[in-house]
Amino acid sequence: MSLKDRLTELRQKGLTDIQQSGDLKDVNQIRVSLLGKKGPITEVLRGMRDLDASERPKVGAFANEVRDDLTNALTKRREELENAVLNARLAKEALDVTLPGTPVAKGEPHVIQQIIDQIEDLFLGMGYQVLSGPEVEEDKYNFEMMNLPKNHPARDMQDTFYITKEILMRTQTSPMQARTLEKHDFSQGPLKMISPGVVYRRDTDDPTHSHQFHQVEGLVIDKHITMADLKGTLQVLAHELFGDKFDVRLRPSYFPFTEPSVEADITCFNCGGKGCNVCKNTGWIEVLGAGMVHPNVLKMAGVDPDVYGGFAFGVGPDRFAMLKYGVDDIRNFYLNDVRFLTQFTKKG
Amino acid sequence: MKISYNWIKEYLDLDVSAVDLAEKIERTSVEVDSVVKPSDGLKKIVVGHVLSVKAHPDSDHLHICEIDVGDDEPSQIVCGAPNIAEGQNVIVALPGSRIADNVKIKRSKMRGVESDGMVCALQEIGFPEEVVPKAYVDGIYVLPADAQPGSPVFDILGMNDSLIDLDVTPNRGDMLSLNGTLRDLAAIYDRPVTLDTPHVTEAGEAIDSQLSLHVDDSLSPQYRMRLVRDIKLAPSPMWLQVHLWNAGLRPINNVVDITNYIMLKYGQPLHAFDYDKFSGQDVYVRTAKAGETLTTLDENDHELDPTDIVIADSQAPIALAGVMGGLSTAISDQTVTVAIEAAVFEHDHIRKAAQRHHLHTDASQRFERGVNQAGVQDALDAAAQMLNDLAAGTVQTGTAVGSNHQPEAAVIPLTLTHVNAVLGTDLTMDQVSHILETLGFTVKVAGDDLTVTVPIRRNDIHIPADLLEEIARIYGYDNLPVTLPTGRMTQGRLTPAQRLMRATRKSLEGLGLNQAISYALTTEDKAQMFLTHPDSQLTKLAWPMSVDHAVLRMNMVTGLLDDIAYNTARKVKDVALYEQGRVFYRQEGQDRPAEEEHIAGAITGQLVPAAWNQPAQDVDFYQLKGIVAAYLQDMAVKGDVTYEPNTEMPEMHPGRTADILIHGHKIGFMGQVHPTIAKRFKIGATYVFDLNLQAIIDMPKQENQYDVISRYPAITRDIAMLVADDVTNEQVVALIERRGGAYLQSVKLFDVYDGVKVPKGKKSLAYTLTYQDKHATLVDDAVTQAFEKVTKRLQDELDAEIR
């Protein structure tokens with residue numbers, strides 16, 4: 001048998017053995033027995049000494065070829081077997097992906113906070129400052145400087161928790177109008193501010209009344225502010241909170257600190273304006289009060305009403321939340337049932 | 001005020017439905033609460049003529065009646081009303097009819113006798129009891145004799161009219177009358193309107209010889225009376241009664257009804273006195289004297305206040321002016337001479353009197369807002385003439401006038417430029433002056449200037465801004481352009497404090513707490529718990545609504561405990577809450593408390609819910625401490641945060657409470673609520689913290705900075721030691737840090753053990769110390785040396801036994 005035939009035979013047998021090997025141990029054994037220092041290929045190569053010088057390169061090249069083939073076959077087989085082992089293990093590790101994920105501790109912002117933040121962000125983007133004032137106010141700022149002198153009949157509209165004759169729980173965030181107007185330096189630019197906060201009224205708590213609730217006051221004072229600007233601003237607010245499809249309409253109303261005074265309605269979110277139970281068939285829902293700042297308010301705060309003017313509005317985040325989510329009892333906001341607090345999880 | 005659609009249409013030519021009219025009023029004048037047609041939802045209710053009434057054989061109160069309901073045969077109807085009688089015209093609900101509250105009437109048997117329907121009281125067809133004439137409150141209603149059997153009752157009773165309920169704002173007193181509403185509608189619809197002008201037929205003697213008035217004109221700028229003699233007191237005609245009950249007023253008799261009718265029409269409250277019951281001919285308008293009392297028409301006794309305005313005769317008060325008349329001079333069946341009063345009273349006095357005596361009447365409501373001071377005589381004349389027409393009275397000659405101050409009409413300058421500048425419109429002078437004129441204002445135009453004279457009845461219009469509102473609402477708010485403010489730019493940004501408050505909320509939410517908003521008003525008891533300012537005084541409401549919300553909180557914790565109690569009572573056991581808000585500390589001698597921003601939290605049950613792959617873990621001190629520590633790390637206040645045991649807070653567990661200090665300044669506390677307090681709130685084991693957020697805001701902050709992550713490896717060494725029980729972790733860590741050498745990067749506690757394998761009085765603590773040289777590879781020897789040094793120090797200084 002020539003060396004070449006011997007090599008051919010070795011290759012054939014080797015490849016067959018490799019193919020039939022059952023595990024990595026077998027593969028290793030075959031590698032050692034075929035390609036090791038004492039293996040048949042080494043032996044064949046050793047026999048090359050007896051060959052013609054002219055034959056040697058040819059046989060040598062063929063021997064290398066055989067060795068490479070066997071090496072490749074071994075590598076390939078090893079990978080096959082390794083994959084099989086891995087796959088078997090992975091198959092065993094399979095999970096029920098429908099089992100619930102491990103719970104994590106997760107807290108939610110209060111729904112009223114979410115609405116206040118949304119309003120703040122909207123107005124910050126339009127160049128407003130956010131200001132907060134005292135919850136225990138002076139009668140002077142809560143009423144008198146808002147054009148509600150003592151004995152003004154409209155004080156009845158806001159039944160008040162007094163602490164002393166002159167000190168009270170603020171019934172509105174409007175006193176921040178007076179406090180800010182007093183301080184603002186108009187040479188530095190117009191006054192554009194909102195003031196969110198807690199307010200208090202002497203009410204018995206029931207599904208639609210709460211002795212504590214929230215308000216966001218808005219105020220813009222400059223030289224050329226119009227009622228059309230107020231209408232546009234309220235429309236932007238309605239679009240932000242409820243959606244672009246909502247319209248705003250103004251109705252006459254009465255607040256001592258604005259003249260003209262309006263109440264703003266938005267399209268009923270429930271029926272889209274066709275008329276339903278929620279909007280008492282009007283297609284509109286009252287959401288806020290607003291108006292052009294009364295000259296007396298400006299005058300009392302030391303601002304010249306012949307030069308400056310502007311608008312103010314007051315919105316109720318509690319009412320907005322009730323409307324937007326159909327919350328049927330305002331007390332839900334202050335009793336903090338976890339099952340209520342964790343309903344408003346949508347971010348962004 | 002409820003105003004009748006049909007009444008409006010008598011004066012104003014409108015081709016709009018009641019609903020559309022109401023919508024227009026709401027968008028242009030005042031809010032509309034409702035539009036109600038009383039007959040809506042009712043059917044088959046007709047006039048029945050009672051032919052005979054027999055007693056029911058098996059009942060002591062039922063009657064069997066034969067009633068003509070317009071059919072060929074009379075109907076047999078069983079009726080229990082005590083006042084049913086032969087010959088009456090009554091309200092019959094036929095079989096298949098629908099009466100109030102959607103009740104269906106069927107043919108039925110009553111104690112064995114067939115009944116083909118039901119004879120109705122007014123209440124049963126939807127009338128509120130307070131408007132039903134007294135004679136018919138406890139029985140069926142009797143219709144006028146000329147009513148046609150079988151015809152529907154709705155027209156007779158005014159139930160096909162639509163009633164528009166106006167919610168009149170305090171400034172629009174003029175809208176509390178038909179005339180005022182008509183004037184506004186005339187402007188809104190740009191139609192002419194002609195109001196009635198009263199003419200009075202006088203006879204008899206001059207009034208001056210019969211009555212003299214003595215009026216303090218600072219209390220009553222206008223005070224007038226007319227005298228009408230030989231009155232025939234009777235029920236009012238049907239049309240008048242309908243007007244009253246549709247406006248929500250009960251018909252009483254022709255005299256009283258006329259005064260109420262005039263009030264509805266003119267907005268001027270009137271009062272009718274029985275002149276013959278006056279003591280003498282002198283009538284005084286004055287403030288009440290000390291000790292005087294008055295029994296009002298509603299038979300309630302009032303002790304009068306020296307600021308109450310009274311009408312008095314020579315003996316005693318006979319009416320609480322502008323609020324309610326007195327019983328002693330009330331119109332009665334015997335009345336033949338009536339003195340009618342038409343006046344203007346100072347609104348402040350009236351408002352206070354109404355409040356003081358809890359008498360909010362239709363009259364006081366109008367006087368508080370101000371009546372039409374130019375229309376007092378008209379209203380008085382109209383009433384006198386009606387007493388002549390409907391009660392056969394003789395109007396005595398002349399009017400007694402006690403005071404007569406006519407206010408001056410307001411004259412307001414305005415420019416067209418200003419109108420358009422404020423409204424954002426492009427109105428022309430013609431448009432503006434036309435709107436003002438349709439409202440009844442007199443307008444003089446010169447170039448850009450307008451001079452507007454306001455009618456007396458519009459006592460809400462004083463300044464140009466008031467005129468702007470009139471122009472804007474009549475022009476229509478819908479027609480205003482929609483723009484945004486322009487002008488100098490301003491920057492909108494949160495202050496550092498506001499940013500920190502937002503970061504606080506985000507941080508705590510990320511750490512698993514839900515934001516709560518609790519009541520700031522609480523009980524005296526709760527306000528004073530968990531105090532961190534022990535010398536703070538309570539701030540109490542002068543007139544609280546309930547003891548539960550009577551004083552301002554001085555801590556944030558009790559509100560959260562109330563929330564947990566609410567959840568616990570509803571079987572919600574796992575509660576994790578935080579609240580950001582203010583506490584109110586008042587110093588002795590001050591009225592007004594200081595408001596301090598606080599941040600607090602409370603957890604009970606399990607913070608992370610147990611699950612199929614996660615065992616239940618009840619909240620504990622260290623879990624809450626982890627939250628507080630992570631939060632304070634987020635706030636990046638400069639200085640070390642330390643926790644010192646506090647055994648003194650009465651509401652807290654004495655062994656599980658820590659004061660929290662930053663750089664040595666106490667900013668709050670945390671720990672377990674004392675079990676007796678938890679029991680009082682009816683809650684389980686609860687851990688809380690309460691921090692002075694204002695202090696955190698005010699403290700200097702550590703800015704974020706980049707620290708190069710060393711390429712050189714770190715070396716760690718573990719050390720376990722036995723120390724005495726009273727040695728704290730803080731002591732150990734402080735010592736290691738102080739004596740750890742230059743390369744010590746961190747000390748981490750990884751085990752605490754005080755179980756059976758540890759001698760009594762000792763505990764085992766184990767730490768991992770990490771060493772690193774940021775600029776070179778650390779040599780093992782250097783670490784060993786440093787470690788040994790620390791070990792020795794621990795042995796020497798803390799008597800640690802290294803294990």
# chains A, B, ... in the order shown; residues from 1 in each chain; ligands from 1
call {"tool": "residues_around", "arguments": {"residues": "B:Thr337", "least_positions_apart": "6", "cutoff": "6 Å", "atoms": "only C-alpha atoms", "output": "number ranges by chain"}}
result
B: 228-230, 275
call {"tool": "write_last_selection", "arguments": {"atoms": "N, CA, C and O atoms", "output": "compact mmCIF listing (two decimals), in the first residue's frame"}}
result
# COMPACT_ATOMS: atom_id res chain seq x y z
N VAL B 228 -104.57 103.05 51.00
CA VAL B 228 -105.72 102.59 50.22
C VAL B 228 -106.78 102.10 51.20
O VAL B 228 -106.52 101.23 52.02
N ARG B 229 -107.97 102.70 51.09
CA ARG B 229 -109.05 102.37 52.04
C ARG B 229 -110.10 101.48 51.40
O ARG B 229 -110.14 101.31 50.19
N ASP B 230 -110.94 100.91 52.24
CA ASP B 230 -112.10 100.11 51.82
C ASP B 230 -111.72 98.91 50.97
O ASP B 230 -112.37 98.59 49.97
N TYR B 275 -103.18 99.48 58.19
CA TYR B 275 -103.08 100.84 58.72
C TYR B 275 -103.84 101.01 60.03
O TYR B 275 -103.39 101.71 60.94
call {"tool": "closest_atom_pairs", "arguments": {"of": "chain B", "to": "chain A", "cutoff": "7 Å", "atoms": "only C-alpha atoms", "output": "Markdown table"}}
result
| residue | atom | partner | partner_atom | distance |
| --- | --- | --- | --- | --- |
| B:Glu26 | CA | A:Arg251 | CA | 6.8 |
| B:Arg27 | CA | A:Arg251 | CA | 4.8 |
| B:Thr28 | CA | A:Pro252 | CA | 6.1 |
| B:Ser29 | CA | A:Pro252 | CA | 6.0 |
| B:Val30 | CA | A:Pro252 | CA | 6.4 |
| B:Thr169 | CA | A:Tyr254 | CA | 6.1 |
| B:Pro170 | CA | A:Ala154 | CA | 6.5 |
| B:Asn171 | CA | A:Tyr254 | CA | 6.9 |
| B:Asp348 | CA | A:Asn151 | CA | 6.6 |
| B:Ala421 | CA | A:Thr226 | CA | 6.4 |
| B:Val422 | CA | A:Thr226 | CA | 4.6 |
| B:Leu423 | CA | A:Met227 | CA | 4.7 |
| B:Gly424 | CA | A:Thr226 | CA | 5.0 |
| B:Ala465 | CA | A:Glu259 | CA | 5.7 |
| B:Asp466 | CA | A:Glu259 | CA | 6.2 |
| B:Leu468 | CA | A:Pro260 | CA | 6.7 |
| B:Glu469 | CA | A:Pro260 | CA | 4.4 |
| B:Arg473 | CA | A:Pro252 | CA | 6.6 |
| B:Tyr477 | CA | A:Leu250 | CA | 5.8 |
| B:Asp478 | CA | A:Arg249 | CA | 6.5 |
| B:Leu480 | CA | A:Ala228 | CA | 5.9 |
| B:Pro481 | CA | A:Ala228 | CA | 5.2 |
| B:Val482 | CA | A:Gly232 | CA | 4.6 |
| B:Thr483 | CA | A:Asp229 | CA | 4.6 |
| B:Leu484 | CA | A:Asp229 | CA | 4.4 |
| B:Pro485 | CA | A:Asp229 | CA | 5.3 |
| B:Arg488 | CA | A:Gly189 | CA | 6.3 |
| B:Thr490 | CA | A:Gly127 | CA | 5.0 |
| B:Gln491 | CA | A:Gly127 | CA | 4.7 |
| B:Gly492 | CA | A:Gly127 | CA | 3.8 |
| B:Arg493 | CA | A:Leu124 | CA | 5.9 |
| B:Leu494 | CA | A:Val130 | CA | 6.5 |
| B:Glu509 | CA | A:Gly107 | CA | 4.1 |
| B:Gly510 | CA | A:Lys106 | CA | 6.0 |
| B:Leu511 | CA | A:Lys106 | CA | 6.5 |
| B:Gly512 | CA | A:Lys106 | CA | 3.9 |
| B:Leu513 | CA | A:Gly107 | CA | 4.3 |
| B:Asn514 | CA | A:Gly107 | CA | 4.2 |
| B:Gln515 | CA | A:Pro109 | CA | 5.1 |
| B:Ala516 | CA | A:Asn336 | CA | 5.8 |
| B:Ile517 | CA | A:Tyr334 | CA | 5.5 |
| B:Ser518 | CA | A:Tyr334 | CA | 5.0 |
| B:Tyr519 | CA | A:Tyr334 | CA | 6.5 |
| B:Lys540 | CA | A:Ile163 | CA | 6.2 |
| B:Leu541 | CA | A:Ile163 | CA | 4.6 |
| B:Ala542 | CA | A:Ile163 | CA | 5.0 |
| B:Trp543 | CA | A:Phe161 | CA | 6.7 |
| B:Pro544 | CA | A:Phe161 | CA | 6.9 |
| B:Met545 | CA | A:Arg202 | CA | 6.7 |
| B:Asp563 | CA | A:Asn336 | CA | 5.7 |
| B:Tyr566 | CA | A:Asp337 | CA | 6.9 |
| B:Asn567 | CA | A:Asp337 | CA | 5.5 |
| B:Val575 | CA | A:Val338 | CA | 6.7 |
| B:Arg592 | CA | A:Ile167 | CA | 6.9 |
| B:Leu607 | CA | A:Ala105 | CA | 6.2 |
| B:Val608 | CA | A:Ala105 | CA | 5.1 |
| B:Pro609 | CA | A:Pro103 | CA | 6.4 |
| B:Asn613 | CA | A:Thr102 | CA | 7.0 |
call {"tool": "closest_residue", "arguments": {"among": "A:Glu43, A:Glu182, A:Asp159, A:Glu240", "to": "A:Met145", "atoms": "only C-alpha atoms"}}
result
A:Glu182
call {"tool": "residues_around", "arguments": {"residues": "stretch 68-71 of chain A", "least_positions_apart": "3", "cutoff": "9 Å", "atoms": "only C-alpha atoms", "output": "CSV table (one decimal) with all heavy atoms, in the first residue's frame"}}
result
chain,number,residue,atom,x,y,z
A,11,ARG,N,-7.7,9.0,6.2
A,11,ARG,CA,-8.7,10.1,6.1
A,11,ARG,C,-10.1,9.6,6.1
A,11,ARG,O,-11.0,10.1,6.9
A,11,ARG,CB,-8.4,11.0,4.8
A,11,ARG,CG,-9.5,12.1,4.7
A,11,ARG,CD,-9.1,13.1,3.7
A,11,ARG,NE,-9.1,12.7,2.4
A,11,ARG,CZ,-8.8,13.4,1.3
A,11,ARG,NH1,-8.5,14.7,1.5
A,11,ARG,NH2,-8.8,13.0,0.1
A,14,GLY,N,-10.9,8.2,9.4
A,14,GLY,CA,-11.0,9.3,10.4
A,14,GLY,C,-12.3,10.1,10.3
A,14,GLY,O,-12.9,10.3,11.3
A,15,LEU,N,-12.6,10.5,9.1
A,15,LEU,CA,-13.8,11.3,8.9
A,15,LEU,C,-15.0,10.5,9.4
A,15,LEU,O,-15.9,11.1,10.0
A,15,LEU,CB,-13.9,11.7,7.5
A,15,LEU,CG,-12.9,12.7,7.0
A,15,LEU,CD1,-13.1,13.0,5.5
A,15,LEU,CD2,-13.0,14.0,7.7
A,18,ILE,N,-15.1,10.5,13.2
A,18,ILE,CA,-15.4,11.8,13.7
A,18,ILE,C,-16.9,12.0,13.6
A,18,ILE,O,-17.6,12.4,14.6
A,18,ILE,CB,-14.7,12.9,12.9
A,18,ILE,CG1,-13.2,12.9,13.3
A,18,ILE,CG2,-15.3,14.3,13.3
A,18,ILE,CD1,-12.3,13.7,12.4
A,31,ARG,N,-9.1,12.8,18.2
A,31,ARG,CA,-8.1,13.8,17.8
A,31,ARG,C,-6.7,13.3,18.3
A,31,ARG,O,-5.7,13.2,17.5
A,31,ARG,CB,-8.3,15.1,18.5
A,31,ARG,CG,-7.4,16.3,18.1
A,31,ARG,CD,-7.9,17.6,18.7
A,31,ARG,NE,-7.9,17.5,20.1
A,31,ARG,CZ,-6.7,17.6,20.9
A,31,ARG,NH1,-5.6,17.8,20.3
A,31,ARG,NH2,-6.8,17.5,22.2
A,34,LEU,N,-5.6,10.1,16.1
A,34,LEU,CA,-5.3,10.4,14.7
A,34,LEU,C,-4.2,11.3,14.5
A,34,LEU,O,-3.3,11.1,13.7
A,34,LEU,CB,-6.5,10.9,14.0
A,34,LEU,CG,-7.6,9.9,13.5
A,34,LEU,CD1,-8.7,10.7,12.9
A,34,LEU,CD2,-7.0,9.0,12.5
A,35,LEU,N,-4.2,12.4,15.3
A,35,LEU,CA,-3.2,13.5,15.0
A,35,LEU,C,-2.1,13.6,16.0
A,35,LEU,O,-1.2,14.4,15.9
A,35,LEU,CB,-4.0,14.9,15.0
A,35,LEU,CG,-5.1,14.9,13.9
A,35,LEU,CD1,-5.9,16.2,14.1
A,35,LEU,CD2,-4.6,14.8,12.5
A,63,ALA,N,-0.3,14.8,2.8
A,63,ALA,CA,-0.4,14.5,4.2
A,63,ALA,C,-0.9,15.7,5.0
A,63,ALA,O,-1.8,15.6,5.8
A,63,ALA,CB,1.0,14.1,4.7
A,64,ASN,N,-0.4,16.9,4.6
A,64,ASN,CA,-0.9,18.1,5.3
A,64,ASN,C,-2.3,18.3,5.0
A,64,ASN,O,-3.1,18.7,5.9
A,64,ASN,CB,-0.1,19.3,4.8
A,64,ASN,CG,1.3,19.4,5.5
A,64,ASN,OD1,1.4,18.9,6.6
A,64,ASN,ND2,2.3,20.0,4.8
A,65,GLU,N,-2.7,18.1,3.8
A,65,GLU,CA,-4.1,18.2,3.4
A,65,GLU,C,-5.0,17.3,4.2
A,65,GLU,O,-6.0,17.7,4.7
A,65,GLU,CB,-4.2,17.9,1.9
A,65,GLU,CG,-5.6,18.3,1.3
A,65,GLU,CD,-5.7,17.7,-0.2
A,65,GLU,OE1,-4.8,17.9,-1.0
A,65,GLU,OE2,-6.8,17.1,-0.4
A,74,LEU,N,-12.8,17.7,13.0
A,74,LEU,CA,-12.8,17.6,14.4
A,74,LEU,C,-13.4,18.9,15.1
A,74,LEU,O,-14.3,18.8,15.9
A,74,LEU,CB,-11.4,17.4,15.0
A,74,LEU,CG,-10.9,15.9,15.0
A,74,LEU,CD1,-9.4,15.9,15.2
A,74,LEU,CD2,-11.7,15.0,16.0
A,75,THR,N,-12.9,20.0,14.6
A,75,THR,CA,-13.4,21.3,15.1
A,75,THR,C,-14.9,21.4,14.9
A,75,THR,O,-15.7,21.8,15.8
A,75,THR,CB,-12.7,22.5,14.4
A,75,THR,OG1,-11.3,22.2,14.5
A,75,THR,CG2,-13.1,23.8,15.0
A,76,LYS,N,-15.3,21.1,13.7
A,76,LYS,CA,-16.7,21.2,13.3
A,76,LYS,C,-17.6,20.3,14.2
A,76,LYS,O,-18.6,20.7,14.7
A,76,LYS,CB,-16.9,20.9,11.8
A,76,LYS,CG,-18.3,21.2,11.3
A,76,LYS,CD,-18.3,21.1,9.8
A,76,LYS,CE,-19.8,20.9,9.4
A,76,LYS,NZ,-20.0,19.6,8.7
call {"tool": "residues_around", "arguments": {"residues": "A:Lys58", "least_positions_apart": "4", "cutoff": "12 Å", "atoms": "only C-alpha atoms", "output": "ChimeraX atom specification"}}
result
/A:3-4,45,48,51-54,62-65
call {"tool": "write_last_selection", "arguments": {"atoms": "N, CA, C and O atoms", "output": "compact mmCIF listing (two decimals), in the first residue's frame"}}
result
# COMPACT_ATOMS: atom_id res chain seq x y z
N LEU A 3 2.02 5.10 0.40
CA LEU A 3 1.75 6.07 1.48
C LEU A 3 0.50 6.87 1.22
O LEU A 3 -0.29 7.18 2.09
N LYS A 4 0.38 7.19 -0.06
CA LYS A 4 -0.78 8.00 -0.43
C LYS A 4 -2.09 7.25 -0.16
O LYS A 4 -3.06 7.81 0.38
N LEU A 45 4.13 10.14 8.04
CA LEU A 45 5.07 11.20 7.67
C LEU A 45 6.50 10.76 7.96
O LEU A 45 7.42 11.09 7.23
N MET A 48 8.18 8.93 5.21
CA MET A 48 8.54 9.71 4.00
C MET A 48 10.05 9.68 3.72
O MET A 48 10.48 9.93 2.60
N LEU A 51 11.07 7.64 0.82
CA LEU A 51 10.56 8.00 -0.52
C LEU A 51 11.62 8.70 -1.36
O LEU A 51 12.59 9.24 -0.84
N ASP A 52 11.30 8.65 -2.65
CA ASP A 52 12.08 9.44 -3.61
C ASP A 52 12.02 10.90 -3.24
O ASP A 52 10.96 11.36 -2.80
N ALA A 53 13.13 11.57 -3.50
CA ALA A 53 13.12 13.01 -3.23
C ALA A 53 12.04 13.72 -4.02
O ALA A 53 11.45 14.69 -3.57
N SER A 54 11.80 13.19 -5.27
CA SER A 54 10.80 13.85 -6.12
C SER A 54 9.38 13.60 -5.60
O SER A 54 8.49 14.42 -5.78
N PHE A 62 0.09 16.25 0.42
CA PHE A 62 -1.14 15.48 0.59
C PHE A 62 -1.36 15.18 2.08
O PHE A 62 -2.47 15.27 2.60
N ALA A 63 -0.26 14.83 2.76
CA ALA A 63 -0.38 14.52 4.19
C ALA A 63 -0.92 15.73 4.96
O ALA A 63 -1.80 15.61 5.81
N ASN A 64 -0.36 16.90 4.61
CA ASN A 64 -0.86 18.13 5.27
C ASN A 64 -2.34 18.34 5.00
O ASN A 64 -3.11 18.75 5.88
N GLU A 65 -2.72 18.06 3.76
CA GLU A 65 -4.11 18.23 3.37
C GLU A 65 -5.00 17.32 4.21
O GLU A 65 -6.04 17.74 4.74
call {"tool": "select_by_dssp", "arguments": {"residues": "stretch 81-137 of chain A", "states": "helix (DSSP H, G or I)", "output": "list in words"}}
result
Leu81, Glu82, Asn83, Ala84, Val85, Leu86, Asn87, Ala88, Arg89, Leu90, Ala91, Lys92, Val111, Ile112, Gln113, Gln114, Ile115, Ile116, Asp117, Gln118, Ile119, Glu120, Asp121, Leu122, Phe123, Leu124 and Gly125 of chain A
